[in-house]
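Asks: One structure coming up, written as structure tokens, with questions to follow.
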Amino acid sequence: MSPQINDYLTRPKRYFNIDGVGELSTGLMALGFGLLQYLQISNPPGSVWSSTYTLFAFVGVLAAITHYGPRAIKQHITYPRTGYVQYKDEGKARLAAIAIAVLLAMVTAGALVRSRGGFSALPALVGLAVAASYAYGFARAVRWKWFVAIALTLGALAISALPADAVADWADPTWLDGPFPASVVGRYVLMTLFFGLTILASGGITFAHYLSTTQRPAPEPE
Amino acid sequence: MNPLIRNISELDRVIHEPGRLMIVSLLSAVEAADFLYLQHETGLNKGTLSSHLSKLEEAGYVEIAKSFRGKVPQTVLKLTPTGAEAFEQYRRKLKAAL
């Protein structure tokens, strides 16, 4: 009986991504940032894409789309088809988890900066962390999404293994005045684009499947 | 009396029924949910679900609020503090019994 109760207790969390909206917004966010970074490195240093105003405008538009888009889909498609759920406010727990994750990332980055040549491992570590987060957040609920998690992991490793010179040539380093080598920036941009596209595709498949397998209940006669 | 049998006999009968157990488990994990969501997750038909919800409401375990979302009527269900406490006790006793 207990495993059945536990199953019902975890269903509402799984329901959050039943329509793929969680993945669609995550994928869109990653793809958006990847595109912006690509435009920044593939254009001259003084271009409009490198301006702070563009960054703010881009972040604003992306934040608005990923905030209001899922709400609109839930409101007009998901709730009328399979029901409405109001989740418990877990703001404090979520903030604590984010704080711990940021702290861990800072400690790891610090350790890498201190070690000579450590930067080259950074994209692989970030990629594996994102793949693990995807597995935890999305793949646990739906079996076929483990293939997506594996694809993300393999993709992160493959991008990290690309020849540093080729990636550095591709990611024009002229605008870079930070501590990160061009090969690391290039790998990071490629990885962000790859993750964005993959997660967006997975969310799209889930959304299409949801639409084809569910429908609004017929209105009752008055 | 055998402690195992005593534990089982002390289980809350209102919650112990499988349909109501599903409903209470689902509601305990959220702030609130509507009738359609419960129907979708439990697979119960409207009549059976309504009957279970009435029993849970009579026991003071569930709060039922009827409203409109746009022009569509919506029934929102919420576990009361009494219901949440009863479910916790039920789980503790069930764990002890098993």
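Simple scheme: letters A, B, ... for chains in structure tokens order, numbers from 1 for residues in each chain, numbers from 1 for ligands in the order shown.
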Near chain B, meaning an atom within 8 Å, which residues of chain A appear when counting only C-alpha atoms? Write them as a list of chain:residue names.
Replies: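 Selected residues: A:Ser2, A:Ile5, A:Tyr8, A:Leu9, A:Thr10, A:Arg11, A:Pro12, A:Arg81, A:Thr82, A:Gly83, A:Tyr84, A:Val85, A:Gln86, A:Tyr87, A:Lys88, A:Asp89.
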Asks: Export, as a compact mmCIF listing (two decimals), in the first residue's frame, the selected residues with N, CA and C atoms.
Replies:
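Result saved to again_28.txt:
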# COMPACT_ATOMS: atom_id res chain seq x y z
N SER A 2 1.94 1.21 0.81
CA SER A 2 2.77 2.40 0.95
C SER A 2 3.37 2.90 -0.36
N ILE A 5 0.76 4.79 -2.13
CA ILE A 5 0.53 6.12 -1.55
C ILE A 5 1.63 7.05 -2.03
N TYR A 8 1.02 8.26 -5.48
CA TYR A 8 0.03 9.34 -5.56
C TYR A 8 0.57 10.65 -4.99
N LEU A 9 1.46 10.54 -4.00
CA LEU A 9 2.03 11.76 -3.42
C LEU A 9 2.94 12.48 -4.42
N THR A 10 3.57 11.71 -5.32
CA THR A 10 4.51 12.33 -6.27
C THR A 10 3.85 12.69 -7.60
N ARG A 11 2.62 12.25 -7.80
CA ARG A 11 1.95 12.53 -9.08
C ARG A 11 1.81 14.02 -9.38
N PRO A 12 1.42 14.85 -8.39
CA PRO A 12 1.28 16.28 -8.71
C PRO A 12 2.57 16.89 -9.25
N ARG A 81 -8.29 20.63 -19.96
CA ARG A 81 -8.25 19.23 -20.42
C ARG A 81 -8.07 18.24 -19.28
N THR A 82 -7.05 18.48 -18.44
CA THR A 82 -6.76 17.48 -17.41
C THR A 82 -6.76 18.05 -15.99
N GLY A 83 -7.17 19.30 -15.85
CA GLY A 83 -7.39 19.81 -14.50
C GLY A 83 -6.34 20.79 -13.99
N TYR A 84 -6.80 21.49 -12.96
CA TYR A 84 -6.00 22.57 -12.37
C TYR A 84 -5.38 22.11 -11.06
N VAL A 85 -4.12 22.49 -10.85
CA VAL A 85 -3.43 22.19 -9.59
C VAL A 85 -2.76 23.45 -9.08
N GLN A 86 -3.00 23.74 -7.81
CA GLN A 86 -2.27 24.84 -7.18
C GLN A 86 -1.22 24.21 -6.28
N TYR A 87 0.04 24.48 -6.59
CA TYR A 87 1.11 23.82 -5.83
C TYR A 87 1.38 24.54 -4.52
N LYS A 88 1.94 23.77 -3.57
CA LYS A 88 2.30 24.37 -2.28
C LYS A 88 3.46 25.32 -2.49
N ASP A 89 3.47 26.37 -1.70
CA ASP A 89 4.56 27.34 -1.81
C ASP A 89 5.82 26.75 -1.18
Asks: So that I can check the surroundings of Gly60 (chain B), please list as a PyMOL selection string every protein, DNA and RNA residue that reaches within 9 Å of it, counting only C-alpha atoms and ignoring chain neighbours fewer than 4 positions away.
Replies: chain B and resi 55-56+79-80+82-83
Asks: Keeping only C-alpha atoms, write the selected residues to a file as a tab-separated table (two decimals), in the first residue's frame.
Replies:
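The result, written out as part-v8.tsv:
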chain	number	residue	atom	x	y	z
B	55	LYS	CA	-17.89	11.61	2.55
B	56	LEU	CA	-14.54	13.37	2.98
B	79	LEU	CA	-7.38	19.21	2.29
B	80	THR	CA	-8.29	20.82	5.63
B	82	THR	CA	-7.94	18.12	10.15
B	83	GLY	CA	-7.71	16.09	6.95
Asks: Please provide as a list in words all residues within 10 Å of region 131-148 of chain A, with the sequence filter that same-chain residues fewer than 3 positions apart are discarded (counting only C-alpha atoms).
Replies: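 Skipping anything fewer than 3 positions along the chain leaves Thr10, Arg11, Lys13, Arg14, Tyr15, Phe16, Asn17, Ile18, Gly20, Gly22, Glu23, Thr26, Leu125, Val126, Gly127, Leu128, Ala151, Leu152, Thr153, Leu154, Gly155, Ala156, Phe195, Thr198, Ile199, Ala201, Ser202, Gly203 and Thr206 of chain A.
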Asks: Keeping only N, CA and C atoms, write those residues as a CSV table (one decimal), in the first residue's frame.
Replies:
chain,number,residue,atom,x,y,z
A,10,THR,N,3.6,11.7,-5.3
A,10,THR,CA,4.5,12.3,-6.3
A,10,THR,C,3.8,12.7,-7.6
A,11,ARG,N,2.6,12.3,-7.8
A,11,ARG,CA,1.9,12.5,-9.1
A,11,ARG,C,1.8,14.0,-9.4
A,13,LYS,N,3.7,16.5,-8.7
A,13,LYS,CA,5.0,17.0,-9.3
A,13,LYS,C,5.2,16.6,-10.7
A,14,ARG,N,4.9,15.3,-11.0
A,14,ARG,CA,5.0,14.8,-12.4
A,14,ARG,C,4.0,15.5,-13.3
A,15,TYR,N,2.9,15.9,-12.7
A,15,TYR,CA,1.8,16.6,-13.5
A,15,TYR,C,2.3,17.9,-14.1
A,16,PHE,N,3.2,18.5,-13.4
A,16,PHE,CA,3.7,19.8,-13.8
A,16,PHE,C,4.2,19.8,-15.2
A,17,ASN,N,4.9,18.8,-15.6
A,17,ASN,CA,5.4,18.7,-17.0
A,17,ASN,C,4.6,17.7,-17.9
A,18,ILE,N,3.4,17.5,-17.5
A,18,ILE,CA,2.6,16.5,-18.3
A,18,ILE,C,2.4,17.0,-19.7
A,20,GLY,N,4.6,19.1,-21.2
A,20,GLY,CA,6.0,19.5,-21.7
A,20,GLY,C,6.3,20.9,-21.6
A,22,GLY,N,7.2,22.7,-19.0
A,22,GLY,CA,8.4,22.9,-18.2
A,22,GLY,C,9.7,22.9,-19.1
A,23,GLU,N,9.7,21.8,-20.0
A,23,GLU,CA,10.8,21.6,-20.9
A,23,GLU,C,10.8,22.7,-22.0
A,26,THR,N,12.3,25.8,-20.4
A,26,THR,CA,13.7,25.6,-20.1
A,26,THR,C,14.5,25.6,-21.4
A,125,LEU,N,32.0,19.9,-17.1
A,125,LEU,CA,31.4,19.9,-15.8
A,125,LEU,C,30.0,20.6,-15.8
A,126,VAL,N,29.9,21.7,-16.5
A,126,VAL,CA,28.6,22.4,-16.6
A,126,VAL,C,27.6,21.6,-17.3
A,127,GLY,N,28.1,21.0,-18.4
A,127,GLY,CA,27.2,20.1,-19.2
A,127,GLY,C,26.7,18.9,-18.4
A,128,LEU,N,27.6,18.3,-17.7
A,128,LEU,CA,27.1,17.1,-16.9
A,128,LEU,C,26.2,17.5,-15.8
A,151,ALA,N,21.4,11.6,-24.1
A,151,ALA,CA,21.8,12.4,-25.3
A,151,ALA,C,22.5,13.7,-24.8
A,152,LEU,N,21.9,14.3,-23.7
A,152,LEU,CA,22.5,15.5,-23.2
A,152,LEU,C,23.9,15.3,-22.7
A,153,THR,N,24.0,14.1,-22.0
A,153,THR,CA,25.3,13.8,-21.4
A,153,THR,C,26.4,13.5,-22.5
A,154,LEU,N,26.0,12.7,-23.5
A,154,LEU,CA,26.9,12.4,-24.6
A,154,LEU,C,27.3,13.6,-25.4
A,155,GLY,N,26.2,14.5,-25.6
A,155,GLY,CA,26.5,15.7,-26.3
A,155,GLY,C,27.4,16.6,-25.6
A,156,ALA,N,27.3,16.7,-24.3
A,156,ALA,CA,28.2,17.6,-23.5
A,156,ALA,C,29.6,17.0,-23.6
A,195,PHE,N,21.8,22.1,-25.8
A,195,PHE,CA,20.9,21.8,-24.8
A,195,PHE,C,19.5,22.4,-25.0
A,198,THR,N,17.8,20.4,-27.8
A,198,THR,CA,17.4,19.1,-27.4
A,198,THR,C,16.2,19.1,-26.4
A,199,ILE,N,16.3,20.0,-25.5
A,199,ILE,CA,15.2,20.1,-24.4
A,199,ILE,C,13.9,20.6,-25.1
A,201,ALA,N,13.1,20.2,-28.2
A,201,ALA,CA,12.5,19.1,-29.0
A,201,ALA,C,11.8,18.1,-28.1
A,202,SER,N,12.4,17.8,-27.0
A,202,SER,CA,11.7,16.9,-26.0
A,202,SER,C,10.4,17.4,-25.5
A,203,GLY,N,10.4,18.7,-25.2
A,203,GLY,CA,9.2,19.4,-24.7
A,203,GLY,C,8.1,19.4,-25.8
A,206,THR,N,6.6,16.0,-26.2
A,206,THR,CA,5.6,15.8,-25.0
A,206,THR,C,4.3,16.6,-25.2
Asks: Could you tell me how far CA of Trp49 (chain A) lies from CA of Pro70 (chain A), in Å and to one decimal?
Replies: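 The value is 27.0 Å.
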Asks: Hey, can you check how far CA of Phe194 (chain A) sits from CA of Ile159 (chain A)?
Replies: 9.2 Å
Asks: From a backbone DSSP assignment, name each residue in chain B labelled strand (DSSP E), as a list in words.
Replies: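 Here are the strand (DSSP E) residues of chain B: Ala32, Ala33, Asp34, Val62, Glu63, Ile64, Ala65, Lys66, Ser67, Phe68, Arg69, Val72, Pro73, Gln74, Thr75, Val76, Leu77, Lys78 and Leu79 of chain B.
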Asks: Can you write just those residues out, N, CA and C atoms, as an mmCIF file, in the first residue's frame?
Replies:
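Now in again-v5.cif:
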data_model
loop_
_atom_site.group_PDB
_atom_site.id
_atom_site.type_symbol
_atom_site.label_atom_id
_atom_site.label_comp_id
_atom_site.auth_asym_id
_atom_site.auth_seq_id
_atom_site.Cartn_x
_atom_site.Cartn_y
_atom_site.Cartn_z
ATOM 1 N N ALA B 32 -4.136 22.988 -3.558
ATOM 2 C CA ALA B 32 -5.528 22.749 -3.975
ATOM 3 C C ALA B 32 -5.526 22.147 -5.372
ATOM 4 N N ALA B 33 -6.612 21.504 -5.722
ATOM 5 C CA ALA B 33 -6.732 20.937 -7.079
ATOM 6 C C ALA B 33 -8.204 20.914 -7.439
ATOM 7 N N ASP B 34 -8.499 20.888 -8.718
ATOM 8 C CA ASP B 34 -9.912 20.878 -9.085
ATOM 9 C C ASP B 34 -10.422 19.449 -9.348
ATOM 10 N N VAL B 62 -12.013 17.500 3.811
ATOM 11 C CA VAL B 62 -11.840 18.216 2.542
ATOM 12 C C VAL B 62 -12.758 19.427 2.488
ATOM 13 N N GLU B 63 -12.203 20.504 1.933
ATOM 14 C CA GLU B 63 -12.980 21.728 1.777
ATOM 15 C C GLU B 63 -13.315 21.847 0.285
ATOM 16 N N ILE B 64 -14.565 22.070 -0.020
ATOM 17 C CA ILE B 64 -14.961 22.156 -1.431
ATOM 18 C C ILE B 64 -15.449 23.572 -1.743
ATOM 19 N N ALA B 65 -14.837 24.197 -2.741
ATOM 20 C CA ALA B 65 -15.253 25.548 -3.134
ATOM 21 C C ALA B 65 -15.654 25.541 -4.600
ATOM 22 N N LYS B 66 -16.875 26.008 -4.849
ATOM 23 C CA LYS B 66 -17.346 26.047 -6.243
ATOM 24 C C LYS B 66 -17.233 27.477 -6.763
ATOM 25 N N SER B 67 -16.649 27.600 -7.947
ATOM 26 C CA SER B 67 -16.494 28.935 -8.526
ATOM 27 C C SER B 67 -16.571 28.829 -10.051
ATOM 28 N N PHE B 68 -16.240 29.920 -10.714
ATOM 29 C CA PHE B 68 -16.226 29.907 -12.185
ATOM 30 C C PHE B 68 -14.850 30.333 -12.680
ATOM 31 N N ARG B 69 -14.336 29.610 -13.684
ATOM 32 C CA ARG B 69 -13.123 30.074 -14.366
ATOM 33 C C ARG B 69 -13.595 30.551 -15.736
ATOM 34 N N VAL B 72 -16.731 28.827 -17.259
ATOM 35 C CA VAL B 72 -16.745 27.393 -16.944
ATOM 36 C C VAL B 72 -16.790 27.179 -15.433
ATOM 37 N N PRO B 73 -17.758 26.387 -14.943
ATOM 38 C CA PRO B 73 -17.788 26.125 -13.500
ATOM 39 C C PRO B 73 -16.601 25.286 -13.066
ATOM 40 N N GLN B 74 -16.070 25.614 -11.901
ATOM 41 C CA GLN B 74 -14.890 24.891 -11.418
ATOM 42 C C GLN B 74 -15.086 24.535 -9.945
ATOM 43 N N THR B 75 -14.800 23.290 -9.606
ATOM 44 C CA THR B 75 -14.884 22.850 -8.218
ATOM 45 C C THR B 75 -13.472 22.624 -7.710
ATOM 46 N N VAL B 76 -13.074 23.446 -6.732
ATOM 47 C CA VAL B 76 -11.699 23.350 -6.216
ATOM 48 C C VAL B 76 -11.717 22.676 -4.851
ATOM 49 N N LEU B 77 -10.860 21.674 -4.708
ATOM 50 C CA LEU B 77 -10.795 20.884 -3.484
ATOM 51 C C LEU B 77 -9.501 21.145 -2.744
ATOM 52 N N LYS B 78 -9.625 21.141 -1.418
ATOM 53 C CA LYS B 78 -8.458 21.421 -0.598
ATOM 54 C C LYS B 78 -8.533 20.543 0.648
ATOM 55 N N LEU B 79 -7.396 20.004 1.064
ATOM 56 C CA LEU B 79 -7.381 19.209 2.287
ATOM 57 C C LEU B 79 -7.384 20.174 3.480
#
Asks: I need the residues in chain B that are helix (DSSP H, G or I) according to DSSP; give them as number ranges by chain.
Replies: B: 3-9, 13-16, 18-28, 35-42, 46-58, 81-97
Asks: What lies within 10 Å of Arg6 (chain B) using only C-alpha atoms, ignoring chain neighbours under 4 positions off, as number ranges by chain?
Replies: B: 1-2, 10-11, 93, 97
Asks: Find the residue from B:Tyr90, B:Gly43, B:Glu85, B:Arg20 that sits nearest to Glu57 (chain B); use only C-alpha atoms when measuring.
Replies: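 Closest residue, counting only C-alpha atoms: B:Arg20.
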Asks: Could you please determine the separation between CA of Pro81 (chain B) and CA of Ala59 (chain B) in Å, to one decimal place?
Replies: 12.0 Å
Asks: Can you pull out the residues contacting Tyr210 (chain A)? Cut-off 9 Å, using only C-alpha atoms, and skip same-chain residues under 3 positions away; I want them as a ChimeraX atom specification.
Replies: /A:18-20,78,205-207,213-215
Asks: Counting only C-alpha atoms, which residue out of B:Arg92, B:Ala86, B:His52, B:Gly70 sits closest to Ile8 (chain B)?
Replies: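 With only C-alpha atoms as the atom set, the closest residue is B:Arg92.
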